[in-house]
Amino acid sequence: MRHVRIIGTGSYAPDNIMSNDDIAKLVETNDEWIKSRTGIKERRISTKETSSDMAYEAALRAVQAAETDPNEIDLIICATITPDYCMPSVACQVQGRLKAENAAAFDLNAACTGFVYALTTASQFLQTGMYQKALVIGVDTISKIIDWQDRSTCVLFGDGAGAAVLSATSDRRGIIASTLNSDGSKHAFLYCEAVPLSNPYVESLEERTAPSIRMLGQEVFKFAVRNVTDTIQTVLEKANREGKDIKYIIPHQANYRIIEAVAKNCKLPIEKFFMNLERYGNTSSASIGIALDELVQTGELHRGDTIILVGFGGGMTGGAILIDW
Ligand code: UT7
């Protein structure tokens with residue numbers, strides 16, 4: 001099996017900042033409640049960008065950072081739950097705009113674990129030798145499926161995109177181990193309906209309303225703490241590493257209190273957990289990609305550092321990747 005490295009990252013978020021005070025003008029909430037229960041201070045909300053716009057910008061930055069010609073990309077996988085269209089995929093839209101003429105492209109839905117699922121999927125194509133280079137994107141314009149009158153969800157989320165270019169390498173570093181899991185029996189914890197059945201055989205054609213996210217917050221919280229804790233342990237065991245070997249853990253950026261509980265369960269200092277959720281909120285499929293790019297941009301990640309990317313989300317889904325950078 002060949003090794004697979006991340007050779008460039010990129011991210012994008014809309015300029016428009018929505019503060020907690022801005023949300024307090026829409027629903028009965030306040031800055032203090034949101035900050036103390038989630039750690040979130042503000043988020044970016046699109047005023048014009050679609051998912052394919054944000055995905056393209058993040059992808060372009062990742063491709064430039066990787067010093068890669070778009071023609072060299074063999075595969076584009078985009079993780080999203082908020083595509084512009086049912087078809088074509090966001091990945092195909094990005095492929096067209098990037099002029100990545102040799103790339104196969106498709107979308108994948110694993111909700112907030114999407115970036116980890118997409119990285120793991122892409123890396124399999126590279127490890128087996130089928131492809132040499134892949135572009136992975138996580139993007140969501142989650143604001144378009146939020147019920148802006150539901151204070152239990154609308155305070156949590158933000159829009160954005162993160163991307164990474166992967167390359168097969170003979171170097172003995174890069175992705176060392178990954179693990180994915182799903183539990184469809186818990187699908188009702190967190191969901192968003194799609195277009196309802198509507199055809200001449202259906203008796204009453206429902207009036208079509210825009211679907212929005214529904215969530216059992218406390219159930220998702222408990223699932224997250226348990227699943228992320230277990231997933232980190234699993235990927236450490238698969239890679240034959242220990243917590244002390246890890247420089248940074250980049251978790252899905254959902255809630256400071258979830259991450260704090262995971263750190264305690266794993267007996268790891270909270271400082272190892274990279275967080276930027278106070279500025280972006282929960283950007284769904286994009287959050288881990290945005291956080292990874294930010295960590296790269298800060299210059300704090302050095303060759304040889306070991307990191308873990310770990311996500312959880314609707315499905316329910318979970319997954320982690322251990323990387324020697
Ligand atoms: O990508 C995955 C996305 N989802 C998640 O990560 C969600 C995981 N869950 C959570 O993060 C937390 O459950 C929440 C942040 C959603 C809620 O925090 P909580 O500590 O579990 O609050 P709660 O649902 O137990 O509600 C406590 C109180 C309730 O009032 P009463 O019944 O005690 O009077 C809620 O009605 O807080 C109230 N409340 C709010 N108050 C002000 C709920 N939302 C708000 C709000 N502002 N936005």
# chains A, B, ... in the order shown; residues from 1 in each chain; ligands from 1
>>> residues_around(residues="Leu322 of chain A", least_positions_apart="2", cutoff="10 Å", atoms="only C-alpha atoms", output="VMD selection string")
chain A and resid 174 to 179 232 235 to 236 238 to 239 241 246 249 306 to 310 320 324 to 325
>>> residues_around(residues="His302 of chain A", least_positions_apart="2", cutoff="12 Å", atoms="only C-alpha atoms", output="ChimeraX atom specification")
/A:247-248,295-300,304-307,323-325
>>> write_last_selection(atoms="all heavy atoms", output="compact mmCIF listing (two decimals), in the first residue's frame")
# COMPACT_ATOMS: atom_id res chain seq x y z
N LYS A 247 0.09 15.80 18.79
CA LYS A 247 0.32 17.24 18.97
C LYS A 247 -1.01 17.99 19.02
O LYS A 247 -1.24 18.80 19.91
CB LYS A 247 1.18 17.74 17.80
CG LYS A 247 1.49 19.24 17.80
CD LYS A 247 2.75 19.54 18.57
CE LYS A 247 3.09 21.03 18.58
NZ LYS A 247 3.77 21.51 17.42
N TYR A 248 -1.88 17.73 18.05
CA TYR A 248 -3.18 18.40 18.02
C TYR A 248 -4.28 17.42 17.64
O TYR A 248 -4.08 16.55 16.79
CB TYR A 248 -3.22 19.52 16.97
CG TYR A 248 -2.38 20.71 17.31
CD1 TYR A 248 -1.25 21.00 16.57
CD2 TYR A 248 -2.72 21.56 18.36
CE1 TYR A 248 -0.46 22.10 16.88
CE2 TYR A 248 -1.95 22.65 18.68
CZ TYR A 248 -0.82 22.92 17.94
OH TYR A 248 -0.05 24.00 18.24
N LEU A 295 -5.07 25.93 11.22
CA LEU A 295 -3.89 25.45 11.96
C LEU A 295 -2.65 25.48 11.05
O LEU A 295 -1.56 25.87 11.48
CB LEU A 295 -4.15 24.02 12.47
CG LEU A 295 -3.12 23.42 13.42
CD1 LEU A 295 -2.93 24.29 14.66
CD2 LEU A 295 -3.56 22.03 13.86
N VAL A 296 -2.82 25.10 9.80
CA VAL A 296 -1.70 25.14 8.84
C VAL A 296 -1.25 26.60 8.66
O VAL A 296 -0.05 26.90 8.71
CB VAL A 296 -2.11 24.53 7.48
CG1 VAL A 296 -1.05 24.80 6.42
CG2 VAL A 296 -2.37 23.04 7.62
N GLN A 297 -2.22 27.51 8.49
CA GLN A 297 -1.89 28.93 8.25
C GLN A 297 -1.15 29.55 9.44
O GLN A 297 -0.31 30.44 9.24
CB GLN A 297 -3.16 29.77 7.98
CG GLN A 297 -3.98 29.34 6.78
CD GLN A 297 -3.21 29.39 5.48
OE1 GLN A 297 -2.27 30.16 5.34
NE2 GLN A 297 -3.56 28.53 4.55
N THR A 298 -1.46 29.11 10.65
CA THR A 298 -0.79 29.70 11.82
C THR A 298 0.69 29.31 11.88
O THR A 298 1.46 29.91 12.62
CB THR A 298 -1.43 29.21 13.15
OG1 THR A 298 -1.30 27.80 13.22
CG2 THR A 298 -2.87 29.63 13.28
N GLY A 299 1.08 28.28 11.12
CA GLY A 299 2.47 27.84 11.11
C GLY A 299 2.82 26.98 12.32
O GLY A 299 3.99 26.67 12.56
N GLU A 300 1.80 26.58 13.08
CA GLU A 300 2.06 25.80 14.30
C GLU A 300 2.20 24.30 14.03
O GLU A 300 2.54 23.54 14.91
CB GLU A 300 0.94 26.03 15.31
CG GLU A 300 1.04 27.37 16.01
CD GLU A 300 -0.17 27.62 16.88
OE1 GLU A 300 -0.48 26.76 17.70
OE2 GLU A 300 -0.81 28.67 16.70
N GLY A 304 6.26 16.06 10.70
CA GLY A 304 6.46 15.03 11.73
C GLY A 304 5.47 15.11 12.88
O GLY A 304 5.34 14.15 13.64
N ASP A 305 4.76 16.25 13.03
CA ASP A 305 3.74 16.34 14.09
C ASP A 305 2.63 15.33 13.81
O ASP A 305 2.21 15.18 12.65
CB ASP A 305 3.09 17.73 14.13
CG ASP A 305 4.01 18.78 14.73
OD1 ASP A 305 5.01 18.40 15.38
OD2 ASP A 305 3.71 19.98 14.55
N THR A 306 2.14 14.69 14.87
CA THR A 306 1.03 13.75 14.69
C THR A 306 -0.27 14.44 15.10
O THR A 306 -0.35 15.03 16.19
CB THR A 306 1.26 12.48 15.52
OG1 THR A 306 2.49 11.89 15.07
CG2 THR A 306 0.13 11.48 15.33
N ILE A 307 -1.27 14.37 14.23
CA ILE A 307 -2.56 15.00 14.52
C ILE A 307 -3.69 13.99 14.29
O ILE A 307 -3.51 13.01 13.57
CB ILE A 307 -2.81 16.27 13.66
CG1 ILE A 307 -2.83 15.93 12.16
CG2 ILE A 307 -1.75 17.33 13.94
CD1 ILE A 307 -3.29 17.09 11.27
N ILE A 323 -2.82 11.34 11.38
CA ILE A 323 -1.89 11.75 10.33
C ILE A 323 -0.53 12.11 10.94
O ILE A 323 -0.47 12.86 11.91
CB ILE A 323 -2.43 13.00 9.59
CG1 ILE A 323 -3.80 12.72 8.95
CG2 ILE A 323 -1.44 13.49 8.53
CD1 ILE A 323 -4.49 13.96 8.38
N ASP A 324 0.55 11.60 10.35
CA ASP A 324 1.88 12.12 10.64
C ASP A 324 2.13 13.21 9.60
O ASP A 324 2.27 12.90 8.41
CB ASP A 324 2.95 11.01 10.51
CG ASP A 324 2.93 10.09 11.73
OD1 ASP A 324 2.41 10.50 12.78
OD2 ASP A 324 3.45 8.96 11.61
N TRP A 325 2.15 14.45 10.02
CA TRP A 325 2.19 15.59 9.08
C TRP A 325 3.54 15.68 8.38
O TRP A 325 4.56 15.44 8.98
CB TRP A 325 1.91 16.90 9.84
CG TRP A 325 1.56 18.01 8.93
CD1 TRP A 325 2.38 19.05 8.58
CD2 TRP A 325 0.32 18.22 8.23
NE1 TRP A 325 1.71 19.89 7.71
CE2 TRP A 325 0.46 19.40 7.48
CE3 TRP A 325 -0.89 17.50 8.16
CZ2 TRP A 325 -0.58 19.90 6.66
CZ3 TRP A 325 -1.91 17.99 7.37
CH2 TRP A 325 -1.75 19.17 6.64
>>> atom_distance(atom1="atom CA of Phe106 of chain A", atom2="atom CA of Tyr191 of chain A")
21.9 Å
>>> residues_near_ligand(ligand="ligand 1", cutoff="7 Å", atoms="only C-alpha atoms and all ligand atoms", output="PyMOL selection string")
chain A and resi 28-30+33-34+37-38+112+151-153+155+217-218+220-221+254-255+282+284+312-314
>>> write_last_selection(atoms="N, CA, C and O atoms", output="PDB file, in the first residue's frame")
ATOM      1  N   GLU A  28     -35.714  34.533  21.068  1.00  0.00           N
ATOM      2  CA  GLU A  28     -35.529  34.807  22.498  1.00  0.00           C
ATOM      3  C   GLU A  28     -34.248  34.104  22.973  1.00  0.00           C
ATOM      4  O   GLU A  28     -34.257  32.935  23.360  1.00  0.00           O
ATOM      5  N   THR A  29     -33.125  34.797  22.890  1.00  0.00           N
ATOM      6  CA  THR A  29     -31.857  34.240  23.359  1.00  0.00           C
ATOM      7  C   THR A  29     -30.953  35.404  23.740  1.00  0.00           C
ATOM      8  O   THR A  29     -31.354  36.564  23.643  1.00  0.00           O
ATOM      9  N   ASN A  30     -29.739  35.096  24.156  1.00  0.00           N
ATOM     10  CA  ASN A  30     -28.795  36.183  24.475  1.00  0.00           C
ATOM     11  C   ASN A  30     -27.366  35.682  24.363  1.00  0.00           C
ATOM     12  O   ASN A  30     -27.104  34.477  24.401  1.00  0.00           O
ATOM     13  N   TRP A  33     -26.075  33.233  27.115  1.00  0.00           N
ATOM     14  CA  TRP A  33     -26.540  31.841  27.013  1.00  0.00           C
ATOM     15  C   TRP A  33     -25.755  31.110  25.925  1.00  0.00           C
ATOM     16  O   TRP A  33     -25.249  30.001  26.132  1.00  0.00           O
ATOM     17  N   ILE A  34     -25.635  31.743  24.762  1.00  0.00           N
ATOM     18  CA  ILE A  34     -24.979  31.053  23.631  1.00  0.00           C
ATOM     19  C   ILE A  34     -23.504  30.792  23.950  1.00  0.00           C
ATOM     20  O   ILE A  34     -22.994  29.682  23.740  1.00  0.00           O
ATOM     21  N   ARG A  37     -23.173  28.057  26.815  1.00  0.00           N
ATOM     22  CA  ARG A  37     -23.625  26.693  26.473  1.00  0.00           C
ATOM     23  C   ARG A  37     -22.880  26.102  25.285  1.00  0.00           C
ATOM     24  O   ARG A  37     -22.917  24.890  25.071  1.00  0.00           O
ATOM     25  N   THR A  38     -22.258  26.961  24.463  1.00  0.00           N
ATOM     26  CA  THR A  38     -21.647  26.432  23.238  1.00  0.00           C
ATOM     27  C   THR A  38     -20.214  26.916  22.993  1.00  0.00           C
ATOM     28  O   THR A  38     -19.456  26.259  22.289  1.00  0.00           O
ATOM     29  N   CYS A 112     -21.945  16.159   9.451  1.00  0.00           N
ATOM     30  CA  CYS A 112     -20.763  16.867   9.989  1.00  0.00           C
ATOM     31  C   CYS A 112     -19.503  16.006  10.018  1.00  0.00           C
ATOM     32  O   CYS A 112     -18.415  16.515  10.246  1.00  0.00           O
ATOM     33  N   ARG A 151     -34.798  28.571  18.304  1.00  0.00           N
ATOM     34  CA  ARG A 151     -33.593  29.033  19.014  1.00  0.00           C
ATOM     35  C   ARG A 151     -32.680  27.892  19.438  1.00  0.00           C
ATOM     36  O   ARG A 151     -31.509  28.113  19.734  1.00  0.00           O
ATOM     37  N   SER A 152     -33.230  26.654  19.470  1.00  0.00           N
ATOM     38  CA  SER A 152     -32.370  25.540  19.897  1.00  0.00           C
ATOM     39  C   SER A 152     -31.394  25.114  18.797  1.00  0.00           C
ATOM     40  O   SER A 152     -30.454  24.378  19.064  1.00  0.00           O
ATOM     41  N   THR A 153     -31.629  25.556  17.566  1.00  0.00           N
ATOM     42  CA  THR A 153     -30.679  25.211  16.492  1.00  0.00           C
ATOM     43  C   THR A 153     -30.045  26.436  15.823  1.00  0.00           C
ATOM     44  O   THR A 153     -28.876  26.405  15.448  1.00  0.00           O
ATOM     45  N   VAL A 155     -28.839  29.146  16.721  1.00  0.00           N
ATOM     46  CA  VAL A 155     -27.678  29.809  17.331  1.00  0.00           C
ATOM     47  C   VAL A 155     -26.381  29.046  17.060  1.00  0.00           C
ATOM     48  O   VAL A 155     -25.292  29.564  17.317  1.00  0.00           O
ATOM     49  N   GLY A 217     -31.204  18.016  20.893  1.00  0.00           N
ATOM     50  CA  GLY A 217     -29.891  18.550  21.295  1.00  0.00           C
ATOM     51  C   GLY A 217     -29.170  17.725  22.337  1.00  0.00           C
ATOM     52  O   GLY A 217     -27.987  17.413  22.187  1.00  0.00           O
ATOM     53  N   GLN A 218     -29.884  17.328  23.378  1.00  0.00           N
ATOM     54  CA  GLN A 218     -29.198  16.602  24.457  1.00  0.00           C
ATOM     55  C   GLN A 218     -28.779  15.206  24.022  1.00  0.00           C
ATOM     56  O   GLN A 218     -27.740  14.696  24.454  1.00  0.00           O
ATOM     57  N   VAL A 220     -27.957  14.386  20.934  1.00  0.00           N
ATOM     58  CA  VAL A 220     -26.779  14.582  20.071  1.00  0.00           C
ATOM     59  C   VAL A 220     -25.554  14.850  20.933  1.00  0.00           C
ATOM     60  O   VAL A 220     -24.468  14.317  20.679  1.00  0.00           O
ATOM     61  N   PHE A 221     -25.730  15.640  21.975  1.00  0.00           N
ATOM     62  CA  PHE A 221     -24.615  15.958  22.882  1.00  0.00           C
ATOM     63  C   PHE A 221     -24.034  14.674  23.488  1.00  0.00           C
ATOM     64  O   PHE A 221     -22.824  14.435  23.443  1.00  0.00           O
ATOM     65  N   ALA A 254     -18.415  21.786  17.067  1.00  0.00           N
ATOM     66  CA  ALA A 254     -19.848  21.919  17.365  1.00  0.00           C
ATOM     67  C   ALA A 254     -20.100  22.686  18.652  1.00  0.00           C
ATOM     68  O   ALA A 254     -20.936  23.583  18.693  1.00  0.00           O
ATOM     69  N   ASN A 255     -19.370  22.331  19.701  1.00  0.00           N
ATOM     70  CA  ASN A 255     -19.692  22.879  21.018  1.00  0.00           C
ATOM     71  C   ASN A 255     -18.467  22.713  21.918  1.00  0.00           C
ATOM     72  O   ASN A 255     -17.947  21.600  22.060  1.00  0.00           O
ATOM     73  N   ASN A 282     -20.768  26.145  14.134  1.00  0.00           N
ATOM     74  CA  ASN A 282     -20.684  24.792  13.583  1.00  0.00           C
ATOM     75  C   ASN A 282     -20.942  24.888  12.065  1.00  0.00           C
ATOM     76  O   ASN A 282     -22.077  25.131  11.654  1.00  0.00           O
ATOM     77  N   SER A 284     -20.741  22.471   9.950  1.00  0.00           N
ATOM     78  CA  SER A 284     -21.172  21.170   9.420  1.00  0.00           C
ATOM     79  C   SER A 284     -20.037  20.463   8.681  1.00  0.00           C
ATOM     80  O   SER A 284     -18.945  20.340   9.229  1.00  0.00           O
ATOM     81  N   PHE A 312     -18.199  13.959  14.206  1.00  0.00           N
ATOM     82  CA  PHE A 312     -19.452  13.256  14.480  1.00  0.00           C
ATOM     83  C   PHE A 312     -20.553  14.063  13.816  1.00  0.00           C
ATOM     84  O   PHE A 312     -20.385  15.245  13.548  1.00  0.00           O
ATOM     85  N   GLY A 313     -21.682  13.406  13.523  1.00  0.00           N
ATOM     86  CA  GLY A 313     -22.747  14.177  12.899  1.00  0.00           C
ATOM     87  C   GLY A 313     -23.986  13.355  12.622  1.00  0.00           C
ATOM     88  O   GLY A 313     -24.095  12.192  13.048  1.00  0.00           O
ATOM     89  N   GLY A 314     -24.896  13.948  11.891  1.00  0.00           N
ATOM     90  CA  GLY A 314     -26.167  13.322  11.552  1.00  0.00           C
ATOM     91  C   GLY A 314     -25.937  11.981  10.882  1.00  0.00           C
ATOM     92  O   GLY A 314     -24.929  11.740  10.217  1.00  0.00           O
TER      93      GLY A 314
END
>>> atom_distance(atom1="atom CA of Asp159 of chain A", atom2="atom CA of Pro14 of chain A")
7.1 Å
>>> residues_around(residues="Ala122 of chain A", least_positions_apart="5", cutoff="9 Å", atoms="only C-alpha atoms", output="ChimeraX atom specification")
/A:75-77,117,127,133-136,166
>>> write_last_selection(atoms="N, CA, C and O atoms", output="short mmCIF file (atom, residue, chain, number, x, y, z; two decimals), in the first residue's frame")
data_model
loop_
_atom_site.label_atom_id
_atom_site.label_comp_id
_atom_site.auth_asym_id
_atom_site.auth_seq_id
_atom_site.Cartn_x
_atom_site.Cartn_y
_atom_site.Cartn_z
N LEU A 75 -9.32 12.99 -8.91
CA LEU A 75 -10.56 12.71 -8.18
C LEU A 75 -10.94 13.91 -7.33
O LEU A 75 -10.07 14.50 -6.67
N ILE A 76 -12.23 14.27 -7.37
CA ILE A 76 -12.74 15.32 -6.47
C ILE A 76 -13.92 14.74 -5.69
O ILE A 76 -14.89 14.27 -6.29
N ILE A 77 -13.82 14.77 -4.36
CA ILE A 77 -14.94 14.34 -3.53
C ILE A 77 -15.36 15.53 -2.67
O ILE A 77 -14.53 16.14 -1.99
N TYR A 117 -15.06 11.43 6.30
CA TYR A 117 -15.49 10.38 5.37
C TYR A 117 -14.87 10.61 3.98
O TYR A 117 -14.42 9.67 3.32
N GLN A 127 -4.21 5.00 -2.11
CA GLN A 127 -3.41 3.91 -1.53
C GLN A 127 -3.35 2.70 -2.47
O GLN A 127 -2.33 2.04 -2.57
N LYS A 133 -3.58 11.86 -7.34
CA LYS A 133 -3.91 13.07 -6.57
C LYS A 133 -5.42 13.24 -6.46
O LYS A 133 -6.16 12.99 -7.42
N ALA A 134 -5.85 13.69 -5.29
CA ALA A 134 -7.29 13.90 -5.08
C ALA A 134 -7.53 15.21 -4.35
O ALA A 134 -6.68 15.66 -3.57
N LEU A 135 -8.66 15.81 -4.65
CA LEU A 135 -9.09 17.03 -3.96
C LEU A 135 -10.32 16.68 -3.12
O LEU A 135 -11.28 16.10 -3.64
N VAL A 136 -10.25 17.02 -1.85
CA VAL A 136 -11.37 16.75 -0.94
C VAL A 136 -11.90 18.09 -0.41
O VAL A 136 -11.12 18.95 -0.01
N LEU A 166 -4.77 15.80 -1.65
CA LEU A 166 -4.07 14.59 -1.20
C LEU A 166 -3.20 14.06 -2.33
O LEU A 166 -3.60 14.11 -3.50
#
>>> closest_residue(among="A:Arg226, A:Lys25, A:Arg97, A:Lys272", to="Ile258 of chain A", atoms="only C-alpha atoms")
A:Arg226
>>> residues_around(residues="Ile259 of chain A", least_positions_apart="3", cutoff="10 Å", atoms="only C-alpha atoms", output="PyMOL selection string")
chain A and resi 224-225+228-229+250-256+262-265+270+273-275
>>> closest_residue(among="A:Cys154, A:Met1, A:Ala100, A:Ile142", to="Leu26 of chain A", atoms="only C-alpha atoms")
A:Cys154
>>> residues_around(residues="Cys78 of chain A", least_positions_apart="4", cutoff="7 Å", atoms="only C-alpha atoms", output="list of chain:residue names")
A:Val90, A:Ala91, A:Phe106, A:Asp107, A:Leu108, A:Ala118, A:Val136, A:Ile137, A:Gly138
